[in-house]
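Coordinates from upload07.cif are shown below (mmCIF, C-alpha atoms).
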```cif
data_query
loop_
_atom_site.label_atom_id
_atom_site.label_comp_id
_atom_site.auth_asym_id
_atom_site.auth_seq_id
_atom_site.Cartn_x
_atom_site.Cartn_y
_atom_site.Cartn_z
CA MET J 1 64.97 151.30 191.91
CA THR J 2 66.26 147.76 191.55
CA ASN J 3 64.89 144.84 193.44
CA THR J 4 66.61 141.74 194.73
CA ARG J 5 63.69 139.64 193.55
CA ARG J 6 64.92 136.13 192.69
CA LEU J 7 63.81 133.94 189.81
CA PRO J 8 63.08 130.36 190.85
CA PRO J 9 64.71 127.70 188.65
CA ASP J 10 62.22 127.11 185.85
CA VAL J 11 61.57 127.58 182.13
CA TYR J 12 60.67 131.06 180.90
CA TYR J 13 59.86 133.01 177.78
CA ILE J 14 61.91 136.20 177.41
CA PHE J 15 60.45 139.20 175.57
CA SER J 16 62.18 142.37 174.38
CA GLU J 17 60.69 145.58 175.80
CA VAL J 18 61.47 147.38 172.51
CA ASN J 19 58.67 145.69 170.56
CA ASN J 20 57.29 143.02 172.96
CA LYS J 21 58.58 140.27 170.65
CA PRO J 22 59.98 137.01 172.05
CA LEU J 23 63.59 135.91 171.97
CA ASN J 24 64.63 132.82 170.05
CA ILE J 25 67.77 131.46 168.45
CA CYS J 26 68.58 131.51 164.75
CA HIS J 27 69.17 128.03 163.29
CA HIS J 28 70.02 129.23 159.77
CA PRO J 29 72.52 127.80 159.12
CA PRO J 30 72.75 125.29 162.00
CA ALA J 31 75.96 125.90 163.96
CA VAL J 32 77.72 125.18 167.24
CA ARG J 33 76.96 128.79 168.25
CA GLU J 34 73.60 130.18 167.17
CA PRO J 35 72.76 133.83 167.82
CA VAL J 36 69.97 134.89 170.17
CA VAL J 37 67.57 137.01 168.11
CA VAL J 38 64.26 138.83 168.42
CA SER J 39 61.73 136.68 166.60
CA ASP J 40 58.06 136.11 165.98
CA GLU J 41 58.43 132.60 167.46
CA GLN J 42 58.84 131.86 171.15
CA LEU J 43 61.56 129.70 172.66
CA LEU J 44 61.66 128.54 176.25
CA PHE J 45 64.80 129.29 178.22
CA ARG J 46 65.79 127.41 181.36
CA ILE J 47 67.05 129.83 184.03
CA GLN J 48 68.91 128.34 186.99
CA PRO J 49 70.49 130.07 190.01
CA ALA J 50 74.28 129.93 190.06
CA GLY J 51 76.91 130.91 192.60
CA ASP J 52 76.20 133.26 195.50
CA PRO J 53 72.41 133.94 195.77
CA SER J 54 73.05 137.53 196.92
CA ARG J 55 74.59 138.35 193.51
CA ASN J 56 71.47 137.36 191.51
CA THR J 57 73.56 135.23 189.15
CA TYR J 58 72.05 132.59 186.90
CA THR J 59 72.90 130.32 184.04
CA ILE J 60 70.59 130.42 181.03
CA TRP J 61 70.05 127.43 178.76
CA THR J 62 67.71 126.57 175.94
CA GLU J 63 64.79 124.59 177.35
CA ASP J 64 66.18 121.26 176.15
CA HIS J 65 69.31 122.00 178.25
CA ARG J 66 71.60 121.42 175.25
CA ARG J 67 72.77 124.99 174.62
CA HIS J 68 73.94 127.54 177.18
CA LEU J 69 73.80 131.28 176.56
CA ARG J 70 77.08 133.20 176.49
CA GLY J 71 78.44 136.50 175.26
CA ILE J 72 80.83 136.23 172.32
CA ASP J 73 82.22 139.19 170.35
CA GLY J 74 79.55 141.60 171.60
CA HIS J 75 76.53 139.35 170.90
CA ILE J 76 74.66 136.62 172.79
CA TYR J 77 74.82 133.07 171.47
CA ALA J 78 73.24 129.74 172.36
CA SER J 79 76.32 127.55 172.42
CA LEU J 80 77.05 123.84 172.31
CA ASP J 81 80.66 124.56 173.34
CA ARG J 82 81.89 122.46 176.23
CA MET J 83 83.31 125.20 178.40
CA VAL J 84 82.50 126.85 181.69
CA VAL J 85 78.91 128.06 181.49
CA GLN J 86 78.59 131.85 181.67
CA GLU J 87 76.79 133.36 184.63
CA TRP J 88 74.39 136.25 184.04
CA VAL J 89 73.23 138.85 186.58
CA ILE J 90 69.46 139.13 186.26
CA THR J 91 68.01 142.14 188.07
CA TYR J 92 64.39 143.21 188.42
CA HIS J 93 63.72 146.95 188.00
CA GLU J 94 60.49 147.74 189.78
CA SER J 95 60.13 151.17 188.14
CA ARG J 96 60.04 149.53 184.69
CA GLY J 97 58.35 146.26 185.69
CA ALA J 98 61.08 144.47 183.73
CA TRP J 99 64.48 142.80 184.04
CA THR J 100 68.01 143.48 182.89
CA ILE J 101 70.29 140.59 181.99
CA ALA J 102 73.98 141.43 182.19
CA SER J 103 77.34 139.73 182.23
CA THR J 104 79.19 139.77 185.55
CA ASN J 105 81.31 142.63 184.16
CA GLY J 106 78.22 144.84 183.65
CA HIS J 107 77.56 144.47 179.92
CA ALA J 108 73.80 144.11 179.44
CA TRP J 109 71.73 142.42 176.77
CA SER J 110 70.65 145.17 174.40
CA ASP J 111 68.04 145.15 171.64
CA PRO J 112 68.81 147.66 168.87
CA GLY J 113 65.32 147.23 167.37
CA GLY J 114 64.47 146.20 163.85
CA PRO J 115 62.52 143.48 162.03
CA SER J 116 61.99 140.13 163.76
CA ASN J 117 64.39 137.83 161.94
CA CYS J 118 67.85 136.24 162.12
CA GLU J 119 69.49 139.63 161.46
CA HIS J 120 67.95 141.07 164.65
CA LYS J 121 70.68 139.94 167.06
CA LEU J 122 71.03 141.11 170.62
CA TYR J 123 74.16 143.06 171.58
CA LEU J 124 76.15 143.36 174.80
CA ASN J 125 76.58 147.01 175.85
CA PRO J 126 77.46 148.71 179.14
CA LEU J 127 74.34 149.34 181.24
CA TRP J 128 72.84 152.71 180.37
CA SER J 129 71.57 155.36 182.73
CA PRO J 130 68.76 156.08 182.56
CA LEU J 131 67.69 152.58 181.73
CA GLY J 132 65.61 152.31 178.56
CA PRO J 133 63.53 149.61 176.87
CA GLN J 134 66.52 148.53 174.76
CA GLN J 135 68.06 146.92 177.87
CA THR J 136 64.98 145.64 179.67
CA PHE J 137 63.17 142.36 179.12
CA ARG J 138 60.02 140.67 180.35
CA ILE J 139 60.71 137.24 181.77
CA GLN J 140 57.51 135.20 181.79
CA PRO J 141 57.10 131.70 183.23
CA LEU J 142 55.54 128.99 181.10
CA VAL J 143 52.49 128.70 183.36
#
```

Take the structure I supplied and represent it as structure tokens, if you would.
Amino acid sequence: MTNTRRLPPDVYYIFSEVNNKPLNICHHPPAVREPVVVSDEQLLFRIQPAGDPSRNTYTIWTEDHRRHLRGIDGHIYASLDRMVVQEWVITYHESRGAWTIASTNGHAWSDPGGPSNCEHKLYLNPLWSPLGPQQTFRIQPLV
């Protein structure tokens, strides 16, 4: 069962449900678009409501508000590009006690598993049924 629980605008840590590791961005090498990866180091993400509140859409930025998260070529990147910021549908799933983060066309963040490093990128895949830990994330406020 999904819930229409809303996230207030704030900074959050996001953790993969596959291995309970935090998400971060890979800075090696520094680039305009840096991939979102599963890491051993935490990064704060700023989540802000966007558009119609009934759609549970948000924009997601790095905490310093310099990079916005967007899907590019099947992966998620923290981008410095000056373009329309992508909206993400963030939905709480009460049965799993976790969240899905998906593009407005239904492609969800997906963690394929693996070691925590810059090679451990997140993918965008159609939402699966039944929902598994590869597509659910814990979103934890700073405080």

Point to revise | Length of the atom CA of Ala78 of chain J to atom CA of Trp99 of chain J vector [Å] | key: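 Atom-to-atom, atom CA of Ala78 of chain J to atom CA of Trp99 of chain J, that is 19.6 Å.
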
Check your understanding: From the list J:Pro29, J:Pro8, J:Gly74, J:Gly97, which residue is nearest Arg46 of chain J when using only C-alpha atoms?
Key ->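 Under the stated criterion, the closest residue is J:Pro8.
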
Review point. Of the residues J:Gly132, J:Gly71, J:Pro112, J:Pro53, which is the one nearest to Arg5 of chain J, using all atoms listed in the file?
Key: J:Pro53

Review point. Between J:Ile47, J:Ile14, J:Leu7, J:Leu122, which has the minimum distance to Glu34 of chain J (counting all atoms listed in the file)?
Key: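 Of all the options, J:Leu122 lies closest to Glu34 of chain J.
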
Review point. Counting all atoms listed in the file, which of J:Ser129, J:Thr62, J:Asn20, J:Thr91 gets nearest to Ser79 of chain J?
Key: J:Thr62

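From atom CA of Lys21 of chain J back to atom CA of Glu119 of chain J, the distance works out to 14.3 Å.
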
Review point. Atom CA of Glu63 of chain J to atom CA of Ser95 of chain J: how many Å, to one decimal?
Key: 29.1 Å

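Selection check: the PyMOL selection byres ((chain J and resi 59) around 6) on the shown file gives Ile47, Gln48, Tyr58, Ile60 and Glu87 of chain J.
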
Applied to the shown file, which residues does the PyMOL selection byres ((chain J and resi 100) around 12) return, written as a compact mmCIF listing (two decimals) with C-alpha atoms, in the frame of the given file?
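Writing done, so here's expr_19.txt:
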```txt
# COMPACT_ATOMS: atom_id res chain seq x y z
CA THR J 2 66.26 147.76 191.55
CA ASN J 3 64.89 144.84 193.44
CA ILE J 14 61.91 136.20 177.41
CA PHE J 15 60.45 139.20 175.57
CA SER J 16 62.18 142.37 174.38
CA GLU J 17 60.69 145.58 175.80
CA ASN J 56 71.47 137.36 191.51
CA THR J 57 73.56 135.23 189.15
CA TRP J 88 74.39 136.25 184.04
CA VAL J 89 73.23 138.85 186.58
CA ILE J 90 69.46 139.13 186.26
CA THR J 91 68.01 142.14 188.07
CA TYR J 92 64.39 143.21 188.42
CA HIS J 93 63.72 146.95 188.00
CA GLU J 94 60.49 147.74 189.78
CA ARG J 96 60.04 149.53 184.69
CA GLY J 97 58.35 146.26 185.69
CA ALA J 98 61.08 144.47 183.73
CA TRP J 99 64.48 142.80 184.04
CA ILE J 101 70.29 140.59 181.99
CA ALA J 102 73.98 141.43 182.19
CA SER J 103 77.34 139.73 182.23
CA GLY J 106 78.22 144.84 183.65
CA HIS J 107 77.56 144.47 179.92
CA ALA J 108 73.80 144.11 179.44
CA TRP J 109 71.73 142.42 176.77
CA SER J 110 70.65 145.17 174.40
CA ASP J 111 68.04 145.15 171.64
CA LEU J 124 76.15 143.36 174.80
CA ASN J 125 76.58 147.01 175.85
CA PRO J 126 77.46 148.71 179.14
CA LEU J 127 74.34 149.34 181.24
CA TRP J 128 72.84 152.71 180.37
CA LEU J 131 67.69 152.58 181.73
CA GLY J 132 65.61 152.31 178.56
CA PRO J 133 63.53 149.61 176.87
CA GLN J 134 66.52 148.53 174.76
CA GLN J 135 68.06 146.92 177.87
CA THR J 136 64.98 145.64 179.67
CA PHE J 137 63.17 142.36 179.12
CA ARG J 138 60.02 140.67 180.35
CA ILE J 139 60.71 137.24 181.77
```

Close residues, Val143 of chain J itself excluded, 12 Å, only C-alpha atoms, min 6 positions apart in chain, as an mmCIF file with C-alpha atoms, keeping the file's coordinate frame:
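Okay, part28.cif is ready:
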```cif
data_model
loop_
_atom_site.group_PDB
_atom_site.id
_atom_site.type_symbol
_atom_site.label_atom_id
_atom_site.label_comp_id
_atom_site.auth_asym_id
_atom_site.auth_seq_id
_atom_site.Cartn_x
_atom_site.Cartn_y
_atom_site.Cartn_z
ATOM 1 C CA ASP J 10 62.220 127.110 185.850
ATOM 2 C CA VAL J 11 61.570 127.580 182.130
ATOM 3 C CA TYR J 12 60.670 131.060 180.900
ATOM 4 C CA TYR J 13 59.860 133.010 177.780
ATOM 5 C CA LEU J 44 61.660 128.540 176.250
#
```

Review point. Could you list as a list in words every residue that has an atom within 8 Å of (72.5, 137.6, 167.8), using the file's coordinates and counting only C-alpha atoms?
Key: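 Output: Ile25, Cys26, Glu34, Pro35, Val36, Val37, His75, Ile76, Tyr77, Cys118, Glu119, His120, Lys121, Leu122 and Tyr123 of chain J.
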
Write the selection just made, keeping C-alpha atoms, as a PDB file, in the coordinates of the input?
```
ATOM      1  CA  ILE J  25      67.770 131.460 168.450  1.00  0.00           C
ATOM      2  CA  CYS J  26      68.580 131.510 164.750  1.00  0.00           C
ATOM      3  CA  GLU J  34      73.600 130.180 167.170  1.00  0.00           C
ATOM      4  CA  PRO J  35      72.760 133.830 167.820  1.00  0.00           C
ATOM      5  CA  VAL J  36      69.970 134.890 170.170  1.00  0.00           C
ATOM      6  CA  VAL J  37      67.570 137.010 168.110  1.00  0.00           C
ATOM      7  CA  HIS J  75      76.530 139.350 170.900  1.00  0.00           C
ATOM      8  CA  ILE J  76      74.660 136.620 172.790  1.00  0.00           C
ATOM      9  CA  TYR J  77      74.820 133.070 171.470  1.00  0.00           C
ATOM     10  CA  CYS J 118      67.850 136.240 162.120  1.00  0.00           C
ATOM     11  CA  GLU J 119      69.490 139.630 161.460  1.00  0.00           C
ATOM     12  CA  HIS J 120      67.950 141.070 164.650  1.00  0.00           C
ATOM     13  CA  LYS J 121      70.680 139.940 167.060  1.00  0.00           C
ATOM     14  CA  LEU J 122      71.030 141.110 170.620  1.00  0.00           C
ATOM     15  CA  TYR J 123      74.160 143.060 171.580  1.00  0.00           C
TER      16      TYR J 123
END
```

From the structure block, carefully write segment 63-105 of chain J out with C-alpha atoms; format it as a PDB file, in the first residue's frame.
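Heads up, here's the output in decode.pdb:
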```pdb
ATOM      1  CA  GLU J  63      22.670  20.295   0.051  1.00  0.00           C
ATOM      2  CA  ASP J  64      24.674  23.288  -1.159  1.00  0.00           C
ATOM      3  CA  HIS J  65      21.932  23.854  -3.783  1.00  0.00           C
ATOM      4  CA  ARG J  66      24.487  23.902  -6.621  1.00  0.00           C
ATOM      5  CA  ARG J  67      23.620  20.609  -8.327  1.00  0.00           C
ATOM      6  CA  HIS J  68      20.181  19.259  -9.172  1.00  0.00           C
ATOM      7  CA  LEU J  69      19.484  15.556  -9.639  1.00  0.00           C
ATOM      8  CA  ARG J  70      18.300  14.378 -13.057  1.00  0.00           C
ATOM      9  CA  GLY J  71      18.048  11.195 -15.053  1.00  0.00           C
ATOM     10  CA  ILE J  72      20.428  10.992 -18.018  1.00  0.00           C
ATOM     11  CA  ASP J  73      20.968   7.893 -20.179  1.00  0.00           C
ATOM     12  CA  GLY J  74      19.463   5.519 -17.606  1.00  0.00           C
ATOM     13  CA  HIS J  75      21.428   6.813 -14.582  1.00  0.00           C
ATOM     14  CA  ILE J  76      20.956   9.587 -12.002  1.00  0.00           C
ATOM     15  CA  TYR J  77      23.371  12.504 -12.029  1.00  0.00           C
ATOM     16  CA  ALA J  78      23.980  15.581  -9.893  1.00  0.00           C
ATOM     17  CA  SER J  79      24.136  18.225 -12.577  1.00  0.00           C
ATOM     18  CA  LEU J  80      25.381  21.785 -12.857  1.00  0.00           C
ATOM     19  CA  ASP J  81      23.542  22.128 -16.195  1.00  0.00           C
ATOM     20  CA  ARG J  82      21.387  25.218 -16.453  1.00  0.00           C
ATOM     21  CA  MET J  83      18.190  23.623 -17.646  1.00  0.00           C
ATOM     22  CA  VAL J  84      14.734  22.951 -16.301  1.00  0.00           C
ATOM     23  CA  VAL J  85      15.138  21.078 -13.029  1.00  0.00           C
ATOM     24  CA  GLN J  86      13.720  17.542 -13.144  1.00  0.00           C
ATOM     25  CA  GLU J  87      10.795  16.710 -10.905  1.00  0.00           C
ATOM     26  CA  TRP J  88      10.766  13.376  -9.080  1.00  0.00           C
ATOM     27  CA  VAL J  89       7.741  11.518  -7.690  1.00  0.00           C
ATOM     28  CA  ILE J  90       8.611  10.429  -4.153  1.00  0.00           C
ATOM     29  CA  THR J  91       6.165   7.919  -2.700  1.00  0.00           C
ATOM     30  CA  TYR J  92       6.114   6.334   0.739  1.00  0.00           C
ATOM     31  CA  HIS J  93       5.332   2.598   0.835  1.00  0.00           C
ATOM     32  CA  GLU J  94       3.992   1.789   4.264  1.00  0.00           C
ATOM     33  CA  SER J  95       4.388  -1.982   3.817  1.00  0.00           C
ATOM     34  CA  ARG J  96       8.149  -1.550   3.297  1.00  0.00           C
ATOM     35  CA  GLY J  97       8.659   1.485   5.557  1.00  0.00           C
ATOM     36  CA  ALA J  98      10.590   3.063   2.690  1.00  0.00           C
ATOM     37  CA  TRP J  99      10.272   5.366  -0.314  1.00  0.00           C
ATOM     38  CA  THR J 100      10.469   5.064  -4.073  1.00  0.00           C
ATOM     39  CA  ILE J 101      11.896   7.909  -6.130  1.00  0.00           C
ATOM     40  CA  ALA J 102      10.757   7.901  -9.741  1.00  0.00           C
ATOM     41  CA  SER J 103      10.704  10.141 -12.771  1.00  0.00           C
ATOM     42  CA  THR J 104       7.311  11.498 -13.785  1.00  0.00           C
ATOM     43  CA  ASN J 105       7.223   8.813 -16.509  1.00  0.00           C
TER      44      ASN J 105
END
```
